[in-house]
file query.cif (mmCIF, C-alpha atoms and all ligand atoms)
data_target
loop_
_atom_site.label_atom_id
_atom_site.label_comp_id
_atom_site.auth_asym_id
_atom_site.auth_seq_id
_atom_site.Cartn_x
_atom_site.Cartn_y
_atom_site.Cartn_z
CA MET A 1 57.74 63.90 49.78
CA ARG A 2 59.14 66.48 47.30
CA ASP A 3 61.79 66.31 44.61
CA GLN A 4 65.02 68.02 45.69
CA ASP A 5 65.73 69.36 42.19
CA ASP A 6 62.47 70.88 40.99
CA GLY A 7 60.38 70.82 44.16
CA SER A 8 57.65 68.76 42.52
CA ARG A 9 55.63 66.44 44.65
CA ILE A 10 56.62 62.76 44.67
CA LEU A 11 54.30 59.82 45.09
CA LYS A 12 55.75 56.40 45.65
CA ALA A 13 54.22 52.99 45.00
CA ALA A 14 55.73 49.51 45.13
CA LEU A 15 54.94 46.33 43.20
CA ILE A 16 55.08 43.25 45.40
CA GLY A 17 54.35 39.56 44.85
CA ASP A 18 56.09 36.30 43.92
CA GLY A 19 58.64 36.09 41.10
CA ALA A 20 57.33 35.65 37.53
CA VAL A 21 53.75 36.77 38.25
CA GLY A 22 54.21 39.73 35.89
CA LYS A 23 55.20 42.70 38.07
CA THR A 24 57.84 44.02 35.67
CA SER A 25 55.54 43.41 32.69
CA ILE A 26 52.73 45.36 34.38
CA ARG A 27 55.05 48.28 35.05
CA ARG A 28 56.36 48.16 31.48
CA ASN A 29 52.86 48.07 30.01
CA TYR A 30 51.79 51.01 32.16
CA LEU A 31 54.75 53.00 30.86
CA GLY A 32 53.97 52.08 27.26
CA GLU A 33 56.92 49.73 26.81
CA ASP A 34 56.80 46.50 24.79
CA PHE A 35 55.80 43.18 26.30
CA ILE A 36 58.67 40.68 26.70
CA GLU A 37 57.88 36.95 26.43
CA GLY A 38 60.90 35.62 28.34
CA HIS A 39 61.31 36.03 32.06
CA LEU A 40 64.26 38.14 33.11
CA ALA A 41 64.25 38.10 36.90
CA THR A 42 64.44 41.54 38.45
CA ILE A 43 67.60 41.82 40.51
CA GLY A 44 67.17 43.66 43.79
CA VAL A 45 65.09 46.60 42.75
CA ASP A 46 64.12 48.50 39.61
CA LEU A 47 62.50 51.86 39.51
CA ALA A 48 60.50 53.79 36.99
CA THR A 49 59.02 57.25 37.11
CA LYS A 50 56.09 58.80 35.34
CA LYS A 51 54.61 62.26 35.51
CA VAL A 52 50.94 62.01 36.41
CA LEU A 53 48.15 64.43 37.16
CA PHE A 54 47.24 64.14 40.81
CA GLU A 55 44.68 66.45 42.39
CA GLU A 56 45.19 69.01 39.59
CA GLU A 57 48.95 69.00 40.05
CA VAL A 58 51.65 67.34 37.95
CA VAL A 59 53.47 64.98 40.29
CA LYS A 60 56.33 62.53 39.95
CA PHE A 61 54.99 58.99 40.37
CA ILE A 62 57.75 56.55 41.29
CA ILE A 63 57.08 52.85 40.91
CA TRP A 64 59.40 50.51 42.75
CA ASP A 65 59.65 47.08 41.22
CA LEU A 66 60.93 44.77 43.92
CA ALA A 67 62.61 41.44 43.42
CA GLY A 68 60.32 38.63 44.54
CA GLN A 69 63.06 36.25 45.62
CA PRO A 70 63.11 35.58 49.39
CA THR A 71 66.86 36.36 49.53
CA PHE A 72 66.07 39.99 48.90
CA GLU A 73 63.84 40.36 51.93
CA LYS A 74 66.36 42.59 53.74
CA VAL A 75 66.66 44.89 50.72
CA ARG A 76 62.90 45.07 50.35
CA GLY A 77 62.28 46.13 53.94
CA HIS A 78 63.88 49.45 53.15
CA TYR A 79 61.66 50.21 50.18
CA TYR A 80 58.34 49.84 51.96
CA HIS A 81 59.08 52.97 53.95
CA GLY A 82 57.39 56.07 52.63
CA CYS A 83 55.22 54.17 50.15
CA ASN A 84 51.94 55.93 49.35
CA GLY A 85 50.51 52.87 47.64
CA LEU A 86 51.07 49.18 46.98
CA LEU A 87 50.34 46.90 44.04
CA LEU A 88 50.18 43.29 45.17
CA VAL A 89 50.36 40.94 42.19
CA TYR A 90 49.66 37.22 41.86
CA SER A 91 49.17 35.12 38.74
CA VAL A 92 45.75 33.60 38.01
CA VAL A 93 47.59 30.61 36.48
CA ASP A 94 49.89 29.99 39.45
CA ARG A 95 48.08 28.89 42.57
CA ASP A 96 51.20 29.11 44.75
CA SER A 97 51.53 32.81 43.93
CA PHE A 98 47.93 33.32 45.11
CA ASP A 99 48.52 31.30 48.28
CA ASN A 100 51.60 33.46 48.94
CA ALA A 101 49.74 36.73 48.40
CA SER A 102 48.81 36.99 52.08
CA LYS A 103 52.47 36.59 53.07
CA TRP A 104 53.33 39.62 50.95
CA LEU A 105 50.73 41.75 52.65
CA VAL A 106 51.94 40.57 56.03
CA GLU A 107 55.54 41.45 55.10
CA ALA A 108 54.41 44.91 54.04
CA TYR A 109 52.43 45.28 57.24
CA ARG A 110 55.47 44.25 59.29
CA ASN A 111 57.52 46.95 57.61
CA MET A 112 54.99 49.74 57.41
CA GLY A 113 52.52 49.30 60.22
CA LYS A 114 49.30 50.62 58.75
CA LEU A 115 49.11 49.79 55.06
CA PRO A 116 48.63 52.47 52.39
CA PRO A 117 45.97 52.09 49.64
CA THR A 118 46.55 48.78 47.90
CA ILE A 119 45.57 47.31 44.56
CA ILE A 120 45.32 43.54 44.55
CA ILE A 121 46.01 42.32 41.03
CA GLY A 122 45.26 38.89 39.53
CA ASN A 123 47.45 38.97 36.39
CA LYS A 124 47.71 36.80 33.22
CA ILE A 125 43.97 36.49 32.61
CA ASP A 126 44.70 36.04 28.88
CA ILE A 127 45.90 32.48 29.56
CA ARG A 128 43.64 31.43 32.44
CA ASP A 129 41.42 29.25 30.24
CA ARG A 130 44.41 27.32 28.97
CA ALA A 131 45.95 26.60 32.38
CA PRO A 132 45.54 23.29 34.24
CA TYR A 133 42.43 23.47 36.37
CA SER A 134 44.36 22.96 39.62
CA GLU A 135 46.49 26.07 38.95
CA ARG A 136 43.65 28.42 38.00
CA VAL A 137 42.57 31.12 40.43
CA SER A 138 39.01 32.34 39.85
CA THR A 139 37.72 35.91 40.00
CA ALA A 140 35.54 34.98 42.98
CA GLU A 141 38.54 33.69 44.94
CA GLY A 142 40.49 36.86 44.24
CA LYS A 143 37.59 39.04 45.35
CA GLU A 144 37.12 37.08 48.53
CA PHE A 145 40.81 37.33 49.38
CA ALA A 146 40.79 41.10 48.82
CA GLN A 147 37.74 41.56 51.01
CA TYR A 148 39.18 39.43 53.77
CA PHE A 149 42.40 41.45 53.90
CA MET A 150 40.67 44.77 53.69
CA LYS A 151 38.88 43.94 56.92
CA LYS A 152 41.72 42.13 58.66
CA LEU A 153 44.47 44.70 58.01
CA ASP A 154 42.13 47.68 57.78
CA VAL A 155 43.52 48.69 54.40
CA PRO A 156 41.69 50.45 51.56
CA ALA A 157 41.99 47.87 48.79
CA VAL A 158 40.61 47.34 45.31
CA PHE A 159 40.71 44.04 43.47
CA ILE A 160 41.29 43.93 39.72
CA GLU A 161 42.25 41.30 37.14
CA THR A 162 44.70 42.20 34.38
CA SER A 163 46.79 41.02 31.48
CA ALA A 164 50.16 42.70 31.03
CA LYS A 165 50.32 40.97 27.65
CA THR A 166 47.14 42.42 26.13
CA GLY A 167 47.15 45.47 28.41
CA GLU A 168 43.67 44.71 29.73
CA ASN A 169 42.91 46.74 32.89
CA ILE A 170 46.51 47.91 33.40
CA GLN A 171 45.75 51.64 33.07
CA GLU A 172 42.62 51.09 35.17
CA ALA A 173 44.64 49.46 37.95
CA PHE A 174 46.98 52.43 38.21
CA SER A 175 44.24 55.03 37.97
CA GLU A 176 42.33 53.27 40.75
CA LEU A 177 45.47 53.30 42.87
CA LEU A 178 46.06 57.01 42.22
CA ARG A 179 42.41 57.73 43.04
CA MET A 180 42.69 55.87 46.35
CA MET A 181 45.96 57.62 47.12
CA ALA A 182 44.29 60.98 46.56
CA GLU A 183 41.45 59.98 48.85
CA ALA A 184 43.90 58.95 51.56
CA GLU A 185 45.64 62.34 51.26
CA ASP A 186 42.31 64.16 51.58
CA ASP A 187 41.49 62.17 54.70
CA LYS A 188 44.84 63.15 56.16
CA SER A 189 44.41 66.86 55.48
CA GLN A 190 40.91 66.82 56.90
CA HIS A 191 42.44 65.29 59.97
CA TYR A 192 44.85 68.21 60.30
CA VAL A 193 42.16 70.88 59.95
CA GLY A 194 40.81 70.48 63.43
CA LYS A 195 44.20 70.56 65.13
P1 LIG A 201 57.99 39.44 37.62
O1 LIG A 201 59.06 38.47 38.05
O2 LIG A 201 56.84 39.42 38.56
O3 LIG A 201 58.53 40.81 37.39
O4 LIG A 201 57.39 38.89 36.23
P2 LIG A 201 57.74 39.32 34.73
O5 LIG A 201 57.08 40.60 34.39
O6 LIG A 201 59.22 39.24 34.52
O7 LIG A 201 56.99 38.19 33.90
C1 LIG A 201 57.26 36.81 34.07
C2 LIG A 201 56.85 36.03 32.82
O8 LIG A 201 55.45 36.06 32.66
C3 LIG A 201 57.43 36.58 31.52
O9 LIG A 201 57.74 35.49 30.69
C4 LIG A 201 56.32 37.40 30.94
O10 LIG A 201 56.38 37.45 29.54
C5 LIG A 201 55.09 36.62 31.40
N1 LIG A 201 53.90 37.46 31.63
C6 LIG A 201 53.80 38.56 32.43
N2 LIG A 201 52.55 39.05 32.42
C7 LIG A 201 51.82 38.26 31.60
C8 LIG A 201 50.44 38.26 31.18
O11 LIG A 201 49.61 39.08 31.57
N3 LIG A 201 50.08 37.26 30.30
C9 LIG A 201 50.95 36.33 29.85
N4 LIG A 201 50.49 35.43 28.97
N5 LIG A 201 52.24 36.29 30.22
C10 LIG A 201 52.68 37.24 31.10
MG MG A 202 60.45 41.55 37.78
#

call {"tool": "encode", "arguments": {"input": "query.cif", "output": "structure tokens"}}
result
Amino acid sequence: MRDQDDGSRILKAALIGDGAVGKTSIRRNYLGEDFIEGHLATIGVDLATKKVLFEEEVVKFIIWDLAGQPTFEKVRGHYYHGCNGLLLVYSVVDRDSFDNASKWLVEAYRNMGKLPPTIIIGNKIDIRDRAPYSERVSTAEGKEFAQYFMKKLDVPAVFIETSAKTGENIQEAFSELLRMMAEAEDDKSQHYVGK
């Protein structure tokens, strides 16, 4: 997709996952904005843009921040279309959000057919040690989940654990996603060569 004003290339990614897992905080940290302690639920959809270097070209990277509440499912359906990448977020101190992670991928799959490159993010690692044992999601569990879905839905996925509070691995998560998105583009163009 290209920008109608300046013709620059546009890449689109969406943050998905249960409410309060840290999607908005992750986006804010990536954009260099301050961390907010309180939870202000995202209503409907938020969007942020950042200029990034992608395959030696400055492109407009749009990050959709979707509301996690089930009532917004109809609204969300629309935003999956045309996504070049997904960031699926759960909280490592909220077991329900991890159990629901597969539902989010299935919803995306329902709306998009084949899934684009996806980063699976276990967020809030700064407070994992303090959480009740029954709520904690381990690194091994996250990895296993990511591997399972990669095979089942045939999606290029990378698993990473982050803290939007300390900023740990946030830049890495987005650069991995951009790298995978570039790879997917290359695959596509190679596909066209022979035709
Ligand atoms: P969203 O509903 O998924 O967009 O979640 P938010 O970004 O609004 O965050 C929900 C709550 O979790 C807020 O109170 C944040 O301050 C907090 N939070 C988000 N990320 C982290 C994190 O990495 N560590 C800690 N300790 N708190 C976090
Ligand atoms: Mg939010």

call {"tool": "closest_residue", "arguments": {"input": "query.cif", "among": "A:Leu86, A:Val58, A:Ile170, A:Leu153", "to": "ligand LIG 201 (chain A)", "atoms": "only C-alpha atoms and all ligand atoms"}}
result
A:Ile170

call {"tool": "atom_distance", "arguments": {"input": "query.cif", "atom1": "atom CA of A:Lys23", "atom2": "atom CA of A:Glu57"}}
result
27.1 Å

call {"tool": "atom_distance", "arguments": {"input": "query.cif", "atom1": "atom CA of A:Leu115", "atom2": "atom CA of A:Cys83"}}
result
9.0 Å

call {"tool": "residues_near_ligand", "arguments": {"input": "query.cif", "ligand": "ligand LIG 201 (chain A)", "cutoff": "9 Å", "atoms": "all atoms listed in the file", "output": "VMD selection string"}}
result
chain A and resid 15 to 28 35 to 42 65 to 69 89 to 91 123 to 128 162 to 168

call {"tool": "atom_distance", "arguments": {"input": "query.cif", "atom1": "atom CA of A:Leu53", "atom2": "atom CA of A:Gly32"}}
result
16.9 Å

call {"tool": "build_atoms", "arguments": {"input": "query.cif", "residues": "stretch 122-133 of chain A", "atoms": "all heavy atoms", "output": "PDB file, keeping the file's coordinate frame"}}
result
ATOM      1  N   GLY A 122      45.158  40.246  40.075  1.00  0.00           N
ATOM      2  CA  GLY A 122      45.260  38.890  39.530  1.00  0.00           C
ATOM      3  C   GLY A 122      45.671  39.050  38.077  1.00  0.00           C
ATOM      4  O   GLY A 122      44.867  39.464  37.244  1.00  0.00           O
ATOM      5  N   ASN A 123      46.926  38.717  37.731  1.00  0.00           N
ATOM      6  CA  ASN A 123      47.450  38.970  36.390  1.00  0.00           C
ATOM      7  C   ASN A 123      47.449  37.699  35.525  1.00  0.00           C
ATOM      8  O   ASN A 123      47.280  36.594  36.030  1.00  0.00           O
ATOM      9  CB  ASN A 123      48.868  39.537  36.512  1.00  0.00           C
ATOM     10  CG  ASN A 123      49.447  39.984  35.184  1.00  0.00           C
ATOM     11  OD1 ASN A 123      48.755  40.633  34.382  1.00  0.00           O
ATOM     12  ND2 ASN A 123      50.712  39.649  34.927  1.00  0.00           N
ATOM     13  N   LYS A 124      47.637  37.869  34.248  1.00  0.00           N
ATOM     14  CA  LYS A 124      47.710  36.800  33.220  1.00  0.00           C
ATOM     15  C   LYS A 124      46.341  36.215  32.889  1.00  0.00           C
ATOM     16  O   LYS A 124      46.236  35.010  32.604  1.00  0.00           O
ATOM     17  CB  LYS A 124      48.685  35.671  33.624  1.00  0.00           C
ATOM     18  CG  LYS A 124      50.105  36.153  33.964  1.00  0.00           C
ATOM     19  CD  LYS A 124      51.115  35.022  33.899  1.00  0.00           C
ATOM     20  CE  LYS A 124      52.483  35.496  34.413  1.00  0.00           C
ATOM     21  NZ  LYS A 124      53.542  34.505  34.304  1.00  0.00           N
ATOM     22  N   ILE A 125      45.297  37.032  32.911  1.00  0.00           N
ATOM     23  CA  ILE A 125      43.970  36.490  32.610  1.00  0.00           C
ATOM     24  C   ILE A 125      43.847  36.022  31.159  1.00  0.00           C
ATOM     25  O   ILE A 125      42.962  35.244  30.841  1.00  0.00           O
ATOM     26  CB  ILE A 125      42.824  37.497  32.930  1.00  0.00           C
ATOM     27  CG1 ILE A 125      43.096  38.865  32.294  1.00  0.00           C
ATOM     28  CG2 ILE A 125      42.619  37.622  34.423  1.00  0.00           C
ATOM     29  CD1 ILE A 125      41.926  39.833  32.436  1.00  0.00           C
ATOM     30  N   ASP A 126      44.763  36.468  30.286  1.00  0.00           N
ATOM     31  CA  ASP A 126      44.700  36.040  28.880  1.00  0.00           C
ATOM     32  C   ASP A 126      44.970  34.541  28.716  1.00  0.00           C
ATOM     33  O   ASP A 126      44.601  33.955  27.697  1.00  0.00           O
ATOM     34  CB  ASP A 126      45.709  36.840  28.023  1.00  0.00           C
ATOM     35  CG  ASP A 126      47.136  36.739  28.554  1.00  0.00           C
ATOM     36  OD1 ASP A 126      47.390  37.253  29.660  1.00  0.00           O
ATOM     37  OD2 ASP A 126      47.981  36.129  27.869  1.00  0.00           O
ATOM     38  N   ILE A 127      45.617  33.912  29.709  1.00  0.00           N
ATOM     39  CA  ILE A 127      45.900  32.480  29.560  1.00  0.00           C
ATOM     40  C   ILE A 127      45.220  31.610  30.628  1.00  0.00           C
ATOM     41  O   ILE A 127      45.516  30.430  30.763  1.00  0.00           O
ATOM     42  CB  ILE A 127      47.436  32.185  29.555  1.00  0.00           C
ATOM     43  CG1 ILE A 127      48.133  32.881  30.725  1.00  0.00           C
ATOM     44  CG2 ILE A 127      48.067  32.593  28.231  1.00  0.00           C
ATOM     45  CD1 ILE A 127      49.596  32.453  30.888  1.00  0.00           C
ATOM     46  N   ARG A 128      44.279  32.206  31.364  1.00  0.00           N
ATOM     47  CA  ARG A 128      43.640  31.430  32.440  1.00  0.00           C
ATOM     48  C   ARG A 128      42.920  30.195  31.895  1.00  0.00           C
ATOM     49  O   ARG A 128      43.019  29.104  32.464  1.00  0.00           O
ATOM     50  CB  ARG A 128      42.652  32.301  33.227  1.00  0.00           C
ATOM     51  CG  ARG A 128      41.945  31.525  34.330  1.00  0.00           C
ATOM     52  CD  ARG A 128      41.355  32.390  35.420  1.00  0.00           C
ATOM     53  NE  ARG A 128      40.614  33.535  34.935  1.00  0.00           N
ATOM     54  CZ  ARG A 128      40.294  34.582  35.697  1.00  0.00           C
ATOM     55  NH1 ARG A 128      40.640  34.612  36.967  1.00  0.00           N
ATOM     56  NH2 ARG A 128      39.625  35.595  35.201  1.00  0.00           N
ATOM     57  N   ASP A 129      42.200  30.362  30.790  1.00  0.00           N
ATOM     58  CA  ASP A 129      41.420  29.250  30.240  1.00  0.00           C
ATOM     59  C   ASP A 129      42.271  28.083  29.770  1.00  0.00           C
ATOM     60  O   ASP A 129      41.791  26.964  29.649  1.00  0.00           O
ATOM     61  CB  ASP A 129      40.575  29.742  29.051  1.00  0.00           C
ATOM     62  CG  ASP A 129      39.500  30.693  29.522  1.00  0.00           C
ATOM     63  OD1 ASP A 129      39.315  30.794  30.748  1.00  0.00           O
ATOM     64  OD2 ASP A 129      38.859  31.345  28.668  1.00  0.00           O
ATOM     65  N   ARG A 130      43.534  28.363  29.494  1.00  0.00           N
ATOM     66  CA  ARG A 130      44.410  27.320  28.970  1.00  0.00           C
ATOM     67  C   ARG A 130      45.187  26.601  30.075  1.00  0.00           C
ATOM     68  O   ARG A 130      45.847  25.606  29.831  1.00  0.00           O
ATOM     69  CB  ARG A 130      45.395  27.924  27.960  1.00  0.00           C
ATOM     70  CG  ARG A 130      44.827  28.023  26.558  1.00  0.00           C
ATOM     71  CD  ARG A 130      45.857  28.606  25.621  1.00  0.00           C
ATOM     72  NE  ARG A 130      45.795  30.070  25.621  1.00  0.00           N
ATOM     73  CZ  ARG A 130      46.828  30.865  25.374  1.00  0.00           C
ATOM     74  NH1 ARG A 130      48.006  30.356  25.144  1.00  0.00           N
ATOM     75  NH2 ARG A 130      46.668  32.173  25.360  1.00  0.00           N
ATOM     76  N   ALA A 131      45.139  27.149  31.290  1.00  0.00           N
ATOM     77  CA  ALA A 131      45.950  26.600  32.380  1.00  0.00           C
ATOM     78  C   ALA A 131      45.298  25.348  32.970  1.00  0.00           C
ATOM     79  O   ALA A 131      44.084  25.191  32.892  1.00  0.00           O
ATOM     80  CB  ALA A 131      46.124  27.653  33.453  1.00  0.00           C
ATOM     81  N   PRO A 132      46.104  24.456  33.560  1.00  0.00           N
ATOM     82  CA  PRO A 132      45.540  23.290  34.240  1.00  0.00           C
ATOM     83  C   PRO A 132      44.568  23.756  35.319  1.00  0.00           C
ATOM     84  O   PRO A 132      44.825  24.753  35.991  1.00  0.00           O
ATOM     85  CB  PRO A 132      46.750  22.618  34.891  1.00  0.00           C
ATOM     86  CG  PRO A 132      47.952  23.226  34.262  1.00  0.00           C
ATOM     87  CD  PRO A 132      47.563  24.534  33.671  1.00  0.00           C
ATOM     88  N   TYR A 133      43.486  23.045  35.472  1.00  0.00           N
ATOM     89  CA  TYR A 133      42.430  23.470  36.370  1.00  0.00           C
ATOM     90  C   TYR A 133      42.935  23.718  37.794  1.00  0.00           C
ATOM     91  O   TYR A 133      42.536  24.664  38.458  1.00  0.00           O
ATOM     92  CB  TYR A 133      41.290  22.428  36.374  1.00  0.00           C
ATOM     93  CG  TYR A 133      40.024  22.998  36.940  1.00  0.00           C
ATOM     94  CD1 TYR A 133      39.229  23.870  36.190  1.00  0.00           C
ATOM     95  CD2 TYR A 133      39.646  22.699  38.249  1.00  0.00           C
ATOM     96  CE1 TYR A 133      38.081  24.429  36.731  1.00  0.00           C
ATOM     97  CE2 TYR A 133      38.496  23.259  38.790  1.00  0.00           C
ATOM     98  CZ  TYR A 133      37.723  24.117  38.022  1.00  0.00           C
ATOM     99  OH  TYR A 133      36.601  24.672  38.557  1.00  0.00           O
TER     100      TYR A 133
END
